[in-house]
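Here's work-v5.cif, which has mmCIF, C-alpha atoms:
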```cif
data_my_file
loop_
_atom_site.label_atom_id
_atom_site.label_comp_id
_atom_site.auth_asym_id
_atom_site.auth_seq_id
_atom_site.Cartn_x
_atom_site.Cartn_y
_atom_site.Cartn_z
CA MET A 1 76.32 3.16 32.24
CA PRO A 2 75.56 3.49 35.98
CA THR A 3 72.93 0.97 37.10
CA ARG A 4 70.51 3.74 38.18
CA TYR A 5 70.01 4.61 34.48
CA ILE A 6 69.06 1.11 33.42
CA GLY A 7 65.35 0.54 32.77
CA ASP A 8 63.46 3.80 33.22
CA GLY A 9 66.51 5.99 32.67
CA TYR A 10 65.08 7.29 29.40
CA TRP A 11 62.14 8.84 31.22
CA GLU A 12 64.41 10.42 33.80
CA ILE A 13 66.48 12.06 31.07
CA ILE A 14 63.44 13.78 29.54
CA SER A 15 61.49 14.27 32.79
CA ARG A 16 61.80 18.07 32.77
CA GLN A 17 59.89 18.33 29.48
CA MET A 18 56.98 16.17 30.59
CA SER A 19 54.95 19.22 31.52
CA VAL A 20 55.05 20.17 27.82
CA VAL A 21 53.90 16.80 26.44
CA THR A 22 51.88 13.87 27.68
CA ARG A 23 53.49 10.47 28.13
CA SER A 24 51.74 9.14 25.02
CA GLU A 25 52.98 12.12 22.97
CA GLN A 26 56.52 11.59 24.22
CA GLN A 27 56.19 7.88 23.48
CA ARG A 28 55.49 8.77 19.85
CA PHE A 29 58.77 10.70 19.80
CA LYS A 30 60.54 7.77 21.46
CA ASP A 31 59.20 5.45 18.74
CA ALA A 32 60.13 7.79 15.86
CA LYS A 33 63.01 7.66 13.40
CA ILE A 34 64.55 10.82 11.96
CA THR A 35 67.16 11.19 9.24
CA VAL A 36 69.46 14.22 9.54
CA ILE A 37 71.39 14.93 6.36
CA GLY A 38 74.45 16.96 7.28
CA CYS A 39 76.29 16.77 10.61
CA GLY A 40 78.00 20.16 10.56
CA GLY A 41 76.81 23.52 11.86
CA ILE A 42 73.05 23.14 11.52
CA GLY A 43 73.08 19.35 11.74
CA GLY A 44 75.25 19.10 14.84
CA GLU A 45 72.86 21.19 16.91
CA THR A 46 69.82 19.46 15.42
CA ILE A 47 71.23 16.07 16.33
CA GLU A 48 72.13 17.07 19.87
CA MET A 49 68.69 18.58 20.56
CA LEU A 50 66.89 15.55 19.15
CA ALA A 51 68.95 13.28 21.40
CA ARG A 52 68.29 15.44 24.46
CA MET A 53 64.55 15.55 23.71
CA GLY A 54 64.47 11.74 23.51
CA ILE A 55 64.17 10.77 19.86
CA GLY A 56 64.12 7.00 19.47
CA GLU A 57 66.26 6.55 16.37
CA LEU A 58 68.56 8.72 14.28
CA VAL A 59 70.08 8.23 10.86
CA LEU A 60 73.08 10.55 10.48
CA VAL A 61 74.47 11.32 7.04
CA ASP A 62 77.75 13.08 6.26
CA LYS A 63 80.97 12.07 4.52
CA ASP A 64 83.02 15.14 5.43
CA ALA A 65 85.60 15.31 8.23
CA PHE A 66 86.08 18.13 10.73
CA ASP A 67 88.69 20.80 10.05
CA LEU A 68 89.80 23.97 11.83
CA SER A 69 87.34 26.20 9.95
CA ASN A 70 84.44 24.27 11.51
CA LEU A 71 85.28 25.24 15.09
CA ASN A 72 83.58 28.66 14.99
CA ARG A 73 80.10 27.11 14.78
CA GLN A 74 79.97 23.30 14.67
CA THR A 75 79.26 22.27 18.25
CA LEU A 76 80.15 18.62 17.66
CA ALA A 77 83.69 19.62 16.74
CA ALA A 78 86.71 19.95 19.02
CA ILE A 79 90.45 20.04 18.37
CA SER A 80 90.58 16.34 19.17
CA ASP A 81 88.00 15.66 16.42
CA LEU A 82 89.93 17.25 13.55
CA GLY A 83 90.23 14.81 10.68
CA LEU A 84 87.45 12.56 12.00
CA VAL A 85 84.29 11.89 9.98
CA LYS A 86 81.47 14.10 11.20
CA SER A 87 78.78 11.41 11.24
CA ASP A 88 80.99 9.11 13.35
CA VAL A 89 81.69 11.89 15.85
CA ALA A 90 77.98 12.71 15.95
CA LYS A 91 77.11 9.08 16.72
CA GLU A 92 79.51 9.01 19.66
CA LYS A 93 78.20 12.35 20.97
CA VAL A 94 74.64 11.00 20.91
CA ARG A 95 75.76 7.91 22.83
CA LEU A 96 77.30 10.11 25.52
CA ILE A 97 74.17 12.28 25.80
CA ASN A 98 71.42 9.69 25.55
CA PRO A 99 72.40 6.03 25.19
CA TYR A 100 68.77 5.08 24.59
CA VAL A 101 68.91 6.54 21.07
CA LYS A 102 69.60 4.05 18.26
CA VAL A 103 71.98 5.59 15.70
CA THR A 104 72.83 4.56 12.16
CA THR A 105 75.40 6.43 10.07
CA PHE A 106 75.97 6.84 6.34
CA ASN A 107 79.47 8.15 5.66
CA GLU A 108 78.67 9.21 2.11
CA HIS A 109 77.45 12.13 0.06
CA VAL A 110 73.78 12.05 -0.88
CA ASP A 111 72.85 11.72 -4.56
CA GLN A 112 70.04 10.36 -6.70
CA ASN A 113 71.41 6.83 -6.45
CA ASN A 114 71.51 6.47 -2.66
CA ILE A 115 68.83 8.86 -1.38
CA SER A 116 66.10 6.20 -1.13
CA LYS A 117 68.38 3.94 0.93
CA VAL A 118 69.49 6.83 3.16
CA ILE A 119 65.98 8.02 4.03
CA GLY A 120 64.56 4.51 4.22
CA ASP A 121 61.48 4.31 6.42
CA SER A 122 62.18 7.43 8.46
CA ASP A 123 59.30 9.44 9.88
CA ILE A 124 60.98 12.78 9.08
CA VAL A 125 63.97 13.94 7.06
CA ILE A 126 65.84 17.07 8.19
CA ASP A 127 67.85 19.22 5.82
CA ALA A 128 71.09 20.40 7.43
CA LEU A 129 72.70 20.95 4.05
CA ASP A 130 74.62 23.76 2.41
CA ASN A 131 73.65 23.39 -1.26
CA VAL A 132 70.49 23.58 -3.35
CA LEU A 133 71.07 20.53 -5.56
CA THR A 134 71.15 18.08 -2.66
CA ARG A 135 68.13 19.79 -1.10
CA VAL A 136 66.19 19.20 -4.32
CA ILE A 137 67.18 15.52 -4.35
CA VAL A 138 66.23 15.07 -0.68
CA SER A 139 62.97 17.02 -0.86
CA ARG A 140 61.81 15.09 -3.92
CA GLU A 141 62.47 11.73 -2.30
CA ALA A 142 60.77 12.80 0.92
CA LYS A 143 57.71 13.86 -1.08
CA ASN A 144 57.70 10.56 -2.98
CA LYS A 145 57.87 8.59 0.27
CA GLY A 146 55.21 10.71 2.00
CA ILE A 147 57.69 11.93 4.63
CA PRO A 148 57.78 15.47 6.08
CA TYR A 149 60.86 17.40 4.95
CA ILE A 150 62.19 20.08 7.30
CA HIS A 151 64.25 22.74 5.53
CA GLY A 152 66.73 25.06 7.19
CA ALA A 153 69.34 27.37 5.69
CA ILE A 154 71.65 30.17 6.78
CA HIS A 155 73.83 32.92 5.37
CA GLY A 156 75.98 34.99 7.67
CA THR A 157 73.65 36.16 10.44
CA MET A 158 70.46 35.26 8.52
CA GLY A 159 68.45 32.07 8.79
CA GLN A 160 65.27 30.50 7.50
CA ILE A 161 63.19 27.41 8.28
CA SER A 162 60.07 25.80 6.83
CA VAL A 163 58.39 22.39 7.01
CA PHE A 164 57.17 20.72 3.83
CA LEU A 165 54.40 18.28 4.72
CA PRO A 166 53.77 15.45 2.22
CA ASP A 167 50.08 16.28 1.81
CA GLY A 168 50.75 19.99 1.21
CA ASP A 169 50.78 21.69 -2.18
CA ALA A 170 53.99 23.62 -1.51
CA THR A 171 57.31 22.02 -2.46
CA TYR A 172 60.83 23.23 -1.83
CA GLU A 173 61.44 23.82 -5.52
CA LYS A 174 58.20 25.70 -6.16
CA MET A 175 58.46 27.82 -3.04
CA PHE A 176 61.90 29.12 -3.97
CA ASN A 177 61.21 29.19 -7.73
CA LEU A 178 64.15 26.97 -8.58
CA PRO A 179 65.13 26.20 -12.20
CA SER A 180 64.41 22.50 -11.64
CA VAL A 181 60.64 22.85 -11.07
CA GLY A 182 58.79 20.19 -13.07
CA LYS A 183 61.99 18.94 -14.73
CA GLU A 184 64.07 15.78 -14.59
CA LEU A 185 67.49 16.22 -13.06
CA THR A 186 69.43 16.15 -16.32
CA ASP A 187 73.02 17.33 -16.48
CA ASP A 188 71.88 20.79 -17.63
CA VAL A 189 69.36 21.13 -14.79
CA ILE A 190 71.94 19.93 -12.28
CA ASP A 191 74.37 22.57 -13.55
CA ASP A 192 71.67 25.22 -13.15
CA LEU A 193 71.06 24.14 -9.55
CA LYS A 194 74.78 24.14 -8.76
CA ASN A 195 74.92 27.73 -9.98
CA VAL A 196 72.22 28.78 -7.50
CA THR A 197 74.70 28.31 -4.67
CA SER A 198 78.35 28.98 -5.37
CA GLY A 199 81.34 29.78 -3.23
CA VAL A 200 81.74 29.44 0.52
CA PRO A 201 79.03 31.37 2.39
CA PRO A 202 79.85 33.46 5.48
CA VAL A 203 78.60 32.13 8.81
CA ILE A 204 78.90 32.99 12.48
CA GLY A 205 78.32 30.44 15.24
CA PRO A 206 74.89 31.31 16.66
CA THR A 207 73.11 31.34 13.27
CA PRO A 208 73.32 27.64 12.30
CA ASN A 209 72.90 26.57 15.90
CA LEU A 210 69.67 28.51 16.24
CA ILE A 211 68.39 26.99 13.00
CA GLY A 212 69.39 23.54 14.26
CA CYS A 213 67.42 24.02 17.49
CA LEU A 214 64.38 25.21 15.53
CA GLU A 215 64.53 22.28 13.11
CA ALA A 216 64.70 19.81 16.00
CA PHE A 217 61.70 21.41 17.64
CA GLU A 218 59.71 21.44 14.39
CA ALA A 219 60.36 17.70 14.18
CA PHE A 220 59.20 17.35 17.79
CA LYS A 221 55.98 19.22 16.95
CA VAL A 222 55.31 17.15 13.83
CA ILE A 223 55.72 13.84 15.64
CA THR A 224 54.04 14.65 18.96
CA GLY A 225 51.28 16.88 17.59
CA VAL A 226 52.11 19.57 20.15
CA GLY A 227 52.03 23.15 18.91
CA LYS A 228 51.62 24.58 15.42
CA VAL A 229 54.08 23.48 12.75
CA THR A 230 55.75 26.12 10.57
CA ALA A 231 54.29 24.47 7.47
CA ALA A 232 55.10 25.71 3.96
CA PRO A 233 54.32 28.05 2.33
CA LYS A 234 54.96 29.71 5.70
CA ILE A 235 58.61 30.38 6.44
CA LEU A 236 60.33 31.68 9.56
CA THR A 237 63.19 34.08 8.81
CA PHE A 238 65.53 36.19 10.90
CA ASP A 239 68.70 38.25 10.91
CA LEU A 240 70.58 38.16 14.21
CA LEU A 241 71.90 41.66 13.56
CA ASP A 242 68.32 42.97 13.52
CA LEU A 243 66.12 41.39 16.18
CA SER A 244 63.07 43.13 14.74
CA SER A 245 63.56 41.00 11.60
CA PHE A 246 62.18 37.81 13.15
CA SER A 247 59.07 37.16 11.10
CA LEU A 248 56.72 34.44 9.91
CA ASP A 249 55.79 35.04 6.29
CA GLU A 250 54.07 33.19 3.49
CA LEU A 251 55.79 32.90 0.12
#
```
Just dump the structure as structure tokens.
Amino acid sequence: MPTRYIGDGYWEIISRQMSVVTRSEQQRFKDAKITVIGCGGIGGETIEMLARMGIGELVLVDKDAFDLSNLNRQTLAAISDLGLVKSDVAKEKVRLINPYVKVTTFNEHVDQNNISKVIGDSDIVIDALDNVLTRVIVSREAKNKGIPYIHGAIHGTMGQISVFLPDGDATYEKMFNLPSVGKELTDDVIDDLKNVTSGVPPVIGPTPNLIGCLEAFEAFKVITGVGKVTAAPKILTFDLLDLSSFSLDEL
């Protein structure tokens, strides 16, 4: 790193946003730790924005490797990254953008056995996932730990985002009326959740990247206290093919 970036380089990186937040608010973001589960389409953009906004610590979770079908939307991916583990590539990208960010990676799929270890003592957990079962596992653990859970999902040109605060009554499962509400995750319930999402969903590049940007900024709002959080049961939805569809509703 060039010597001019040693010391106060962090504050130079984020200097252009200091008219949006106070130094103490930004310091809270600098001191915060966020877990991003999924380093693909949504997660890649979330991770990059968090690094550029000056998050202090990231935990990046993904076992999958990049392939050719990822290149239409996953901004962390390049031809040279094909076959490489997404979380490892994400860690290196963060280092190149903002070396002041501490990064830990988990190159594994999330399940009921490792979710507590993965989330740890994070201040926020961000859902950049593509299946309902893992979202249920993550949202439950976040609730148990008293950690805000930021949900984002896409399908084709449509996207949605909502923030589940630990002291709120709304939960991910209740809000979307999932078959697991109030039940233990037995084999039968797990099968029911797997059936909620099946097949490979369509997706075009801007959709997950827009959701990723929004999730990063919701995390910024939660930690700094700046702005109004899109807290459940409110949900922001859109369809990029219909710009009049951008709406904030309550489920």
Ground truth for the PyMOL selection byres ((chain A and resi 88) around 12), written as a PyMOL selection string: chain A and resi 38-40+44+59-66+76-77+81+83-87+89-95+103-108
Residues matched by the PyMOL selection byres ((chain A and resi 207-224) around 7) as a VMD selection string: chain A and resid 25 to 26 28 to 29 41 to 43 45 to 46 49 to 50 150 152 154 157 to 159 204 to 206 225 to 227 229
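If you apply the PyMOL selection byres ((chain A and resi 195) around 12) to this structure, you end up with Asn131, Val132, Leu133, Leu178, Pro179, Ser180, Asp188, Val189, Ile190, Asp191, Asp192, Leu193, Lys194, Val196, Thr197, Ser198 and Gly199 of chain A.
Straight-line separation from CA of Leu251 in chain A to CA of Ala232 in chain A: 8.2 Å.
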Contacts of Gln27 in chain A within 10 Å, all atoms listed in the file, excl. fewer than 3 positions in-chain, as a PyMOL selection string: chain A and resi 11+21-24+30-32+54-56+223-224
